[in-house]
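Data from start.txt: compact mmCIF, C-alpha atoms and all ligand atoms
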```txt
# COMPACT_ATOMS: atom_id res chain seq x y z
CA MET A 1 0.00 0.00 0.00
CA LEU A 2 1.14 3.55 -0.81
CA SER A 3 0.85 6.35 1.76
CA LEU A 4 1.14 9.75 0.13
CA VAL A 5 1.84 12.68 2.44
CA LEU A 6 0.91 16.18 1.32
CA PRO A 7 2.51 18.80 3.58
CA THR A 8 0.49 22.00 3.36
CA PHE A 9 0.72 25.57 4.42
CA ASN A 10 -1.82 27.88 2.83
CA GLU A 11 -2.80 25.57 0.00
CA ALA A 12 -6.58 25.90 0.42
CA GLN A 13 -7.13 26.68 -3.24
CA ASN A 14 -4.90 23.90 -4.52
CA LEU A 15 -6.16 20.96 -2.49
CA PRO A 16 -9.59 20.56 -4.19
CA GLU A 17 -7.87 20.47 -7.60
CA LEU A 18 -5.04 18.20 -6.57
CA ILE A 19 -6.88 15.40 -4.75
CA PRO A 20 -8.92 14.25 -7.81
CA ARG A 21 -5.74 14.39 -9.91
CA ILE A 22 -3.91 12.15 -7.47
CA GLU A 23 -6.83 9.75 -7.31
CA ALA A 24 -6.91 9.49 -11.08
CA ALA A 25 -3.17 8.80 -11.15
CA LEU A 26 -3.39 6.10 -8.46
CA GLU A 27 -6.48 4.38 -9.85
CA GLY A 28 -6.25 0.63 -9.25
CA LEU A 29 -3.59 0.92 -6.52
CA GLU A 30 -4.15 0.60 -2.82
CA TYR A 31 -3.34 3.97 -1.25
CA GLU A 32 -4.07 6.61 1.38
CA ILE A 33 -3.48 10.37 1.27
CA ILE A 34 -2.42 12.22 4.42
CA VAL A 35 -2.53 16.01 4.47
CA VAL A 36 -0.28 17.45 7.19
CA ASP A 37 -1.31 21.05 7.67
CA ASP A 38 0.31 23.51 10.08
CA ASP A 39 -2.92 25.25 11.05
CA SER A 40 -2.83 27.36 7.88
CA PRO A 41 -4.40 30.80 8.25
CA ASP A 42 -6.24 30.23 4.96
CA GLY A 43 -7.98 27.20 6.51
CA THR A 44 -6.38 24.49 4.32
CA TRP A 45 -7.13 22.00 7.12
CA ARG A 46 -10.84 22.85 6.95
CA ILE A 47 -10.90 22.31 3.19
CA GLY A 48 -9.03 19.04 3.74
CA LEU A 49 -11.52 17.83 6.35
CA GLU A 50 -14.38 18.80 4.08
CA LEU A 51 -12.83 16.85 1.16
CA ALA A 52 -12.21 13.85 3.42
CA LYS A 53 -15.97 13.38 3.79
CA SER A 54 -16.28 12.48 0.12
CA HIS A 55 -12.78 10.99 -0.31
CA PRO A 56 -12.40 8.10 2.15
CA SER A 57 -8.72 7.64 1.29
CA LEU A 58 -7.96 11.14 2.58
CA ARG A 59 -6.97 12.02 6.15
CA VAL A 60 -5.94 15.33 7.68
CA ILE A 61 -3.42 15.98 10.45
CA ARG A 62 -3.69 19.52 11.75
CA ARG A 63 -0.66 20.57 13.75
CA VAL A 64 -0.93 23.58 15.99
CA GLY A 65 1.94 25.70 17.27
CA ARG A 66 4.44 24.13 14.90
CA ARG A 67 5.89 24.93 11.50
CA GLY A 68 8.24 23.28 9.07
CA LEU A 69 8.13 21.15 5.96
CA SER A 70 10.55 18.42 7.08
CA SER A 71 8.90 17.92 10.45
CA ALA A 72 5.46 17.85 8.79
CA VAL A 73 6.61 15.11 6.41
CA ILE A 74 8.13 13.09 9.24
CA GLU A 75 4.90 13.30 11.23
CA GLY A 76 2.87 12.33 8.19
CA PHE A 77 5.09 9.29 7.61
CA LEU A 78 4.74 8.30 11.27
CA ALA A 79 0.96 8.32 10.97
CA ALA A 80 0.98 6.37 7.68
CA THR A 81 0.04 2.72 7.36
CA GLY A 82 1.49 1.95 3.91
CA ASP A 83 4.63 -0.07 3.25
CA VAL A 84 5.75 2.64 0.82
CA LEU A 85 5.77 6.28 2.01
CA ALA A 86 5.72 9.14 -0.48
CA VAL A 87 5.57 12.93 -0.39
CA MET A 88 4.82 15.65 -2.93
CA ASP A 89 4.11 19.40 -2.99
CA ALA A 90 0.41 20.15 -2.59
CA ASP A 91 0.52 22.92 -5.22
CA GLY A 92 0.58 20.91 -8.46
CA GLN A 93 4.30 21.40 -9.13
CA HIS A 94 5.06 17.71 -8.98
CA ASP A 95 3.97 15.33 -11.71
CA THR A 96 1.26 13.01 -10.35
CA GLY A 97 1.89 10.82 -13.40
CA LEU A 98 5.12 9.66 -11.74
CA LEU A 99 3.54 8.40 -8.51
CA ALA A 100 2.85 4.88 -9.71
CA GLN A 101 6.45 4.55 -10.97
CA LEU A 102 7.89 5.76 -7.67
CA TYR A 103 5.70 3.25 -5.88
CA GLU A 104 6.70 0.40 -8.15
CA SER A 105 10.39 1.26 -7.83
CA VAL A 106 10.39 1.28 -4.03
CA THR A 107 8.35 -1.91 -3.86
CA ARG A 108 11.02 -3.57 -6.03
CA THR A 109 14.22 -2.07 -4.52
CA GLN A 110 13.12 -1.38 -0.95
CA GLY A 111 15.07 1.84 -1.17
CA ILE A 112 14.25 5.36 -2.31
CA ALA A 113 12.77 6.65 -5.58
CA LEU A 114 12.65 10.30 -6.47
CA GLY A 115 11.16 12.67 -8.96
CA SER A 116 14.28 14.37 -10.32
CA ARG A 117 14.59 17.77 -11.96
CA TYR A 118 18.27 17.25 -12.67
CA ALA A 119 18.21 13.74 -14.13
CA GLU A 120 18.54 13.35 -17.90
CA GLY A 121 15.28 14.63 -19.38
CA GLY A 122 14.17 16.54 -16.26
CA SER A 123 13.97 20.28 -15.80
CA VAL A 124 13.36 22.91 -13.17
CA GLY A 125 10.87 24.58 -15.46
CA GLN A 126 10.31 28.31 -15.06
CA TRP A 127 12.70 29.57 -12.46
CA ASP A 128 14.46 32.90 -12.32
CA GLU A 129 18.25 32.90 -12.55
CA ARG A 130 18.64 33.56 -8.83
CA ARG A 131 16.65 30.54 -7.67
CA HIS A 132 18.37 28.47 -10.34
CA LEU A 133 21.80 29.40 -9.04
CA MET A 134 20.81 28.90 -5.41
CA SER A 135 19.46 25.47 -6.17
CA ARG A 136 22.63 24.43 -8.03
CA VAL A 137 24.93 25.68 -5.27
CA ALA A 138 22.82 23.99 -2.59
CA THR A 139 22.84 20.75 -4.59
CA GLN A 140 26.64 20.79 -5.03
CA LEU A 141 27.27 21.58 -1.36
CA SER A 142 24.95 18.90 -0.10
CA LEU A 143 26.09 16.15 -2.47
CA ARG A 144 29.39 15.89 -0.60
CA LEU A 145 27.50 14.81 2.50
CA CYS A 146 25.24 12.19 0.94
CA ALA A 147 25.89 8.51 1.61
CA VAL A 148 23.89 7.81 -1.55
CA LYS A 149 24.39 10.28 -4.40
CA VAL A 150 21.62 11.33 -6.76
CA ALA A 151 21.27 14.19 -9.25
CA ASP A 152 18.54 15.99 -7.29
CA PRO A 153 19.01 15.51 -3.53
CA MET A 154 16.87 18.59 -2.78
CA SER A 155 13.77 17.26 -4.51
CA GLY A 156 10.57 17.49 -2.53
CA PHE A 157 9.05 14.59 -4.49
CA PHE A 158 10.03 11.05 -3.47
CA ALA A 159 9.00 7.70 -2.06
CA ILE A 160 10.78 5.55 0.49
CA ASP A 161 10.44 2.06 1.89
CA ARG A 162 8.70 2.16 5.24
CA GLU A 163 11.22 -0.05 7.06
CA LEU A 164 14.11 2.02 5.74
CA PHE A 165 12.42 5.19 6.98
CA GLU A 166 11.77 3.65 10.41
CA ARG A 167 15.41 2.64 10.77
CA THR A 168 16.66 6.08 9.73
CA ARG A 169 14.17 8.24 11.62
CA PRO A 170 16.02 8.49 14.96
CA ARG A 171 18.88 10.25 13.19
CA LEU A 172 16.77 12.65 11.11
CA ASN A 173 17.00 16.41 11.55
CA SER A 174 13.60 18.05 11.33
CA LYS A 175 14.81 21.56 10.53
CA GLY A 176 13.74 23.29 7.34
CA PHE A 177 12.86 21.83 3.94
CA LYS A 178 15.48 19.21 3.12
CA ILE A 179 13.97 15.96 4.26
CA LEU A 180 15.15 13.97 1.20
CA LEU A 181 18.71 15.27 1.56
CA ASP A 182 18.76 14.30 5.21
CA LEU A 183 17.57 10.80 4.35
CA LEU A 184 20.29 10.49 1.70
CA VAL A 185 22.86 11.58 4.30
CA GLN A 186 21.68 9.08 6.91
CA ILE A 187 20.79 5.91 4.95
CA PRO A 188 23.25 3.04 4.40
CA LYS A 189 25.60 3.50 1.42
CA ASP A 190 24.27 0.52 -0.49
CA THR A 191 20.63 1.68 -0.50
CA ALA A 192 19.05 1.73 -3.96
CA ALA A 193 17.98 5.18 -5.18
CA GLU A 194 16.24 5.40 -8.55
CA GLU A 195 15.57 8.74 -10.22
CA PHE A 196 12.69 9.56 -12.49
CA ALA A 197 13.05 12.70 -14.57
CA PHE A 198 10.24 15.23 -14.54
CA THR A 199 9.70 18.90 -15.26
CA PHE A 200 9.04 20.99 -12.18
CA GLY A 201 5.70 22.61 -13.00
CA SER A 202 4.46 25.99 -11.90
CA ARG A 203 2.26 26.49 -8.89
CA MET A 204 -1.48 26.37 -9.47
CA HIS A 205 -2.27 29.02 -6.82
CA GLY A 206 -0.50 30.86 -4.01
CA GLU A 207 3.19 31.35 -3.49
CA SER A 208 6.30 29.42 -2.48
CA LYS A 209 7.12 29.10 1.22
CA LEU A 210 10.83 28.70 0.54
CA SER A 211 11.75 31.88 2.41
CA GLY A 212 15.02 33.44 3.47
CA ARG A 213 14.52 31.75 6.79
CA VAL A 214 14.32 28.34 5.11
CA GLN A 215 17.58 29.12 3.27
CA LEU A 216 19.21 29.99 6.57
CA GLU A 217 17.93 26.74 8.03
CA PHE A 218 19.62 24.96 5.14
CA LEU A 219 22.98 26.47 6.09
CA GLU A 220 22.35 25.53 9.73
CA TYR A 221 21.60 22.01 8.58
CA LEU A 222 24.92 21.81 6.69
CA TYR A 223 26.66 22.95 9.86
CA ASP A 224 24.74 20.46 12.03
CA VAL A 225 25.74 17.43 9.96
CA THR A 226 29.42 18.46 9.70
CA VAL A 227 31.22 20.54 12.35
CA GLY A 228 28.05 20.50 14.47
CA ARG A 229 28.72 16.89 15.37
CA LEU A 230 31.64 18.20 17.46
CA ILE A 231 30.61 21.74 18.40
CA PRO A 232 26.83 22.23 18.71
CA LEU A 233 25.35 25.20 16.90
CA THR A 234 23.72 26.45 20.12
CA PHE A 235 27.17 26.83 21.64
CA VAL A 236 28.43 28.83 18.67
CA LYS A 237 25.32 31.03 18.75
CA PHE A 238 25.64 31.51 22.52
CA CYS A 239 29.21 32.68 21.99
CA ILE A 240 28.15 35.09 19.23
CA VAL A 241 25.42 36.51 21.48
CA GLY A 242 27.95 36.67 24.29
CA ALA A 243 30.44 38.54 22.11
CA PHE A 244 27.74 40.99 21.14
CA GLY A 245 26.84 41.26 24.83
CA VAL A 246 30.42 42.24 25.56
CA LEU A 247 30.09 45.12 23.09
CA VAL A 248 26.82 46.20 24.71
CA HIS A 249 28.48 45.85 28.10
CA LEU A 250 31.43 48.00 27.09
CA ALA A 251 29.29 50.65 25.39
CA VAL A 252 26.95 50.95 28.37
CA PHE A 253 29.90 51.07 30.73
CA LYS A 254 31.52 53.92 28.79
CA LEU A 255 28.24 55.81 28.64
CA ALA A 256 27.50 55.38 32.36
CA ARG A 257 31.07 56.31 33.27
CA HIS A 258 30.65 59.46 31.23
CA LEU A 259 27.30 60.31 32.84
CA LEU A 260 28.62 59.60 36.35
CA GLU A 261 31.73 61.71 35.94
CA GLY A 262 32.24 63.80 39.04
CA THR A 263 31.22 61.00 41.45
CA GLY A 264 34.08 59.37 43.36
CA ASP A 265 36.31 57.33 41.06
CA ASP A 266 35.84 53.92 42.70
CA PHE A 267 32.13 54.39 43.23
CA GLY A 268 31.59 55.63 39.66
CA PHE A 269 33.53 52.69 38.29
CA ARG A 270 31.58 50.09 40.26
CA LEU A 271 28.17 51.57 39.55
CA SER A 272 28.88 51.92 35.81
CA LYS A 273 30.11 48.34 35.73
CA ALA A 274 27.00 47.08 37.54
CA VAL A 275 24.68 48.90 35.14
CA ALA A 276 26.64 47.54 32.17
CA ILE A 277 26.31 44.01 33.54
CA GLU A 278 22.51 44.19 33.90
CA VAL A 279 21.92 45.76 30.49
CA ALA A 280 24.09 43.05 28.91
CA ILE A 281 22.15 40.36 30.80
CA VAL A 282 18.83 41.68 29.46
CA SER A 283 20.08 41.93 25.89
CA ASN A 284 21.72 38.49 26.05
CA PHE A 285 18.57 36.90 27.41
CA LEU A 286 16.43 38.35 24.62
CA LEU A 287 18.85 37.35 21.86
CA ASN A 288 19.41 33.86 23.21
CA ASN A 289 15.70 33.34 23.58
CA VAL A 290 14.76 34.40 20.05
CA TRP A 291 17.86 33.06 18.30
CA THR A 292 20.18 30.63 20.11
CA PHE A 293 17.38 28.64 21.69
CA SER A 294 14.62 29.51 19.20
CA HIS A 295 13.64 25.82 19.03
CA VAL A 296 12.75 25.88 22.75
CA ARG A 297 11.85 29.57 22.89
CA LEU A 298 10.24 30.66 26.17
CA VAL A 299 7.04 32.65 25.78
CA GLY A 300 4.59 34.36 28.13
CA VAL A 301 5.01 33.49 31.80
CA ASP A 302 7.75 30.99 30.94
CA ALA A 303 9.75 33.80 29.38
CA LEU A 304 9.39 35.80 32.57
CA THR A 305 10.44 32.95 34.89
CA GLY A 306 13.13 32.09 32.36
CA PHE A 307 14.38 35.65 32.59
CA PHE A 308 14.57 35.40 36.38
CA LYS A 309 16.40 32.08 36.13
CA PHE A 310 18.74 33.65 33.60
CA ASN A 311 19.35 36.52 36.00
CA ALA A 312 19.87 34.21 38.94
CA ALA A 313 22.23 32.03 36.94
CA CYS A 314 24.06 35.12 35.78
CA ALA A 315 24.15 36.65 39.26
CA LEU A 316 27.02 34.51 40.48
CA GLY A 317 28.72 35.01 37.13
CA ALA A 318 28.19 38.73 37.56
CA LEU A 319 29.71 38.69 41.05
CA ALA A 320 32.73 36.86 39.71
CA ASP A 321 32.83 39.35 36.84
CA LEU A 322 32.67 42.30 39.23
CA ALA A 323 35.26 40.82 41.58
CA VAL A 324 37.73 40.09 38.77
CA ALA A 325 37.22 43.52 37.19
CA ASP A 326 37.44 45.34 40.53
CA TYR A 327 40.56 43.46 41.54
CA LEU A 328 42.28 44.18 38.22
CA HIS A 329 41.19 47.82 38.34
CA ARG A 330 42.59 48.26 41.84
CA SER A 331 45.84 46.66 40.83
CA SER A 332 46.02 49.42 38.17
CA THR A 333 45.25 47.33 35.09
CA PRO A 334 43.91 49.58 32.27
CA GLU A 335 40.15 49.96 32.73
CA THR A 336 39.11 48.43 29.42
CA VAL A 337 41.19 45.30 30.04
CA ALA A 338 39.76 44.94 33.55
CA VAL A 339 36.19 45.26 32.25
CA LEU A 340 36.71 42.73 29.43
CA ALA A 341 38.50 40.18 31.62
CA GLY A 342 35.62 40.30 34.10
CA ALA A 343 33.05 39.89 31.33
CA PHE A 344 34.91 36.87 29.92
CA VAL A 345 34.84 35.01 33.23
CA GLY A 346 31.13 35.83 33.56
CA ALA A 347 30.37 34.55 30.03
CA LEU A 348 31.91 31.12 30.63
CA TRP A 349 29.86 30.68 33.76
CA ASN A 350 26.68 31.84 32.02
CA TYR A 351 26.80 29.28 29.23
CA GLY A 352 27.20 26.36 31.58
CA MET A 353 24.55 27.46 34.05
CA ASN A 354 21.91 28.50 31.51
CA ARG A 355 22.15 25.27 29.56
CA LEU A 356 21.42 23.59 32.88
CA VAL A 357 18.57 25.73 34.24
CA THR A 358 17.03 28.14 31.73
CA TRP A 359 16.67 26.37 28.36
CA ARG A 360 16.85 22.86 29.71
CA ALA A 361 15.11 21.08 26.80
CA ALA A 362 17.92 22.19 24.47
N1 LIG B 1 2.88 21.51 6.92
C1 LIG B 1 3.72 22.36 6.33
N2 LIG B 1 4.45 23.22 7.11
N3 LIG B 1 3.83 22.37 4.99
C2 LIG B 1 4.67 23.26 4.42
C3 LIG B 1 5.46 24.17 5.17
C4 LIG B 1 5.33 24.14 6.59
O1 LIG B 1 5.96 24.89 7.34
N4 LIG B 1 6.20 24.91 4.32
C5 LIG B 1 5.88 24.47 3.09
N5 LIG B 1 4.95 23.51 3.14
C6 LIG B 1 4.32 22.77 2.04
C7 LIG B 1 3.75 23.65 0.96
O2 LIG B 1 2.41 24.02 1.26
C8 LIG B 1 3.88 22.78 -0.26
O3 LIG B 1 2.80 21.87 -0.36
C9 LIG B 1 5.16 21.99 0.01
O4 LIG B 1 5.32 22.01 1.42
C10 LIG B 1 6.39 22.59 -0.67
O5 LIG B 1 6.48 23.97 -0.36
P1 LIG B 1 6.58 25.06 -1.54
O6 LIG B 1 6.42 26.40 -0.93
O7 LIG B 1 5.68 24.68 -2.65
O8 LIG B 1 8.11 24.88 -1.93
P2 LIG B 1 8.78 25.16 -3.37
O9 LIG B 1 7.91 24.67 -4.46
O10 LIG B 1 9.26 26.56 -3.41
O11 LIG B 1 10.08 24.23 -3.22
C11 LIG B 1 10.14 22.97 -3.86
O12 LIG B 1 11.44 22.75 -4.32
C12 LIG B 1 12.40 22.61 -3.27
C13 LIG B 1 13.77 22.45 -3.87
O13 LIG B 1 14.04 23.42 -4.82
C14 LIG B 1 9.68 21.88 -2.90
O14 LIG B 1 9.47 20.71 -3.65
C15 LIG B 1 10.69 21.60 -1.84
O15 LIG B 1 10.31 20.39 -1.13
C16 LIG B 1 12.06 21.42 -2.44
O16 LIG B 1 13.02 21.27 -1.41
MN MN B 2 5.94 23.94 -4.52
```

Show the structure stored in the file as structure tokens.
Amino acid sequence: MLSLVLPTFNEAQNLPELIPRIEAALEGLEYEIIVVDDDSPDGTWRIGLELAKSHPSLRVIRRVGRRGLSSAVIEGFLAATGDVLAVMDADGQHDTGLLAQLYESVTRTQGIALGSRYAEGGSVGQWDERRHLMSRVATQLSLRLCAVKVADPMSGFFAIDRELFERTRPRLNSKGFKILLDLLVQIPKDTAAEEFAFTFGSRMHGESKLSGRVQLEFLEYLYDVTVGRLIPLTFVKFCIVGAFGVLVHLAVFKLARHLLEGTGDDFGFRLSKAVAIEVAIVSNFLLNNVWTFSHVRLVGVDALTGFFKFNAACALGALADLAVADYLHRSSTPETVAVLAGAFVGALWNYGMNRLVTWRAA
């Protein structure tokens, strides 16, 4: 049996046209269709549920509070009952005429079969030069990582043997768009992968969701499966935020020192340093929450308690920071050096403690 997953985000207009097309293409085969919709604002899920009443082979999974093509496909596959799992765009860009061939291929090889825009006879259709170039660069970069090489590892149109998927799933990365690529990276080298050329059609309605953010996620993915195996991306991001925090820290310190001119030298130094520390803590918390730990971002009350935890965790770091800076300052180290040395000690402490208490699920 074939389980076809259709990931959707704002495809309300396309679904009613696509489902009959798929059914016509799969006539005579045993199949199910699973729409995985991320609570689309245009109500794709509602259209899907409506269609399901008259199309018994159709089911809808509506995910709330989550986004992402790869994770949607993975969840669809997990809910599927077929022995062959397939996925295609829900906008008409993929050739339904190929579905039966993909199914047949996987049934025979127990590997992967893909609709390929770069195989002999295939084409990307009407793309502007920019997207064309991006796609080629992404393909070249990612091919180096693949255990099994194909001409179009970024295709969003493929079928895979259920058992093979099950075995690979624990290692899959659910970020972004590149589910096929990730499978090709993780599967055993000797897995069969057949390609079927097709021309990437144009969208029936609506627009592409391949945004700048998705492109960034692709670069993150490349990092994750290479250097990231040794140095996690969250650590690198935390350090970048920390480095930026040091700049904030220094700028605020200079400003406060300027404003507090005239007060006693030691007092002015300590107060300016303390203000700089707290402003840097606030800015670091915000940046880490929206960027470094965006996958476990704290919102609402959690963000508030998280902020207090962050502060508490940073408090000891801040004391150490202040003590180091004050000591160096009193032993007549240049001010800037004293301030930076203190901040560095504080930063090391902060990473360790906040991984432990603030964004624990990371
Ligand atoms: N559930 C869910 N959640 N579905 C999504 C999301 C999401 O966050 N983002 C996109 N989709 C759905 C779309 O609604 C569509 O059915 C399918 O996933 C592919 O998204 P498109 O927006 O149509 O992508 P594209 O046509 O620009 O990109 C195609 O080519 C890429 C490589 O060049 C797709 O086939 C990609 O899979 C492929 O990687
Ligand atoms: Mn598409």

Tell me, counting only C-alpha atoms and all ligand atoms, for each residue of chain A within 9 Å of ligand MN 2 (chain B), which pair of atoms is nearest and how far apart they are in Å to one decimal, in rows ordered by chain and increasing number, as a Markdown table.
```
| residue | atom | partner | partner_atom | distance |
| --- | --- | --- | --- | --- |
| A:Met88 | CA | B:MN2 | MN | 8.5 |
| A:Asp89 | CA | B:MN2 | MN | 5.1 |
| A:Ala90 | CA | B:MN2 | MN | 7.0 |
| A:Asp91 | CA | B:MN2 | MN | 5.6 |
| A:Gly92 | CA | B:MN2 | MN | 7.3 |
| A:Gln93 | CA | B:MN2 | MN | 5.5 |
| A:His94 | CA | B:MN2 | MN | 7.7 |
| A:Gly156 | CA | B:MN2 | MN | 8.2 |
| A:Phe200 | CA | B:MN2 | MN | 8.8 |
| A:Gly201 | CA | B:MN2 | MN | 8.6 |
| A:Ser202 | CA | B:MN2 | MN | 7.8 |
| A:Arg203 | CA | B:MN2 | MN | 6.3 |
| A:Glu207 | CA | B:MN2 | MN | 8.0 |
| A:Ser208 | CA | B:MN2 | MN | 5.9 |
| A:Lys209 | CA | B:MN2 | MN | 7.8 |
| A:Leu210 | CA | B:MN2 | MN | 8.5 |
```

### Message
Please find the residues contacting ligand LIG 1 (chain B) at a distance of at most 6 Å between atoms, with all atoms listed in the file counted, and report them as number ranges by chain.
### Response
A: 7-11, 36-38, 67-69, 72, 89-91, 135, 154-156, 177-178, 208-210

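Minimum distance to Ser70 (chain A) across A:Thr168, A:Asn311, A:Ser105, A:Ser174 (counting only C-alpha atoms) occurs at A:Ser174.
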
### Selected residue of minimal separation from Asp266 (chain A) among A:Ala24, A:Ala325, A:Ile179, A:Val5, counting only C-alpha atoms
A:Ala325

### Query
Taking all atoms listed in the file into account, which of A:Ala318, A:Val137, A:Val290, A:Val148 comes nearest Leu181 (chain A)?
A:Val148

### Query
What is the CA of Pro16 (chain A) to CA of Gly76 (chain A) distance in Å?
19.4 Å

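Counting from CA of Arg62 (chain A), the distance to CA of Glu50 (chain A) is 13.2 Å.
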
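CA of Ile277 (chain A) is found 15.7 Å from CA of Lys309 (chain A).
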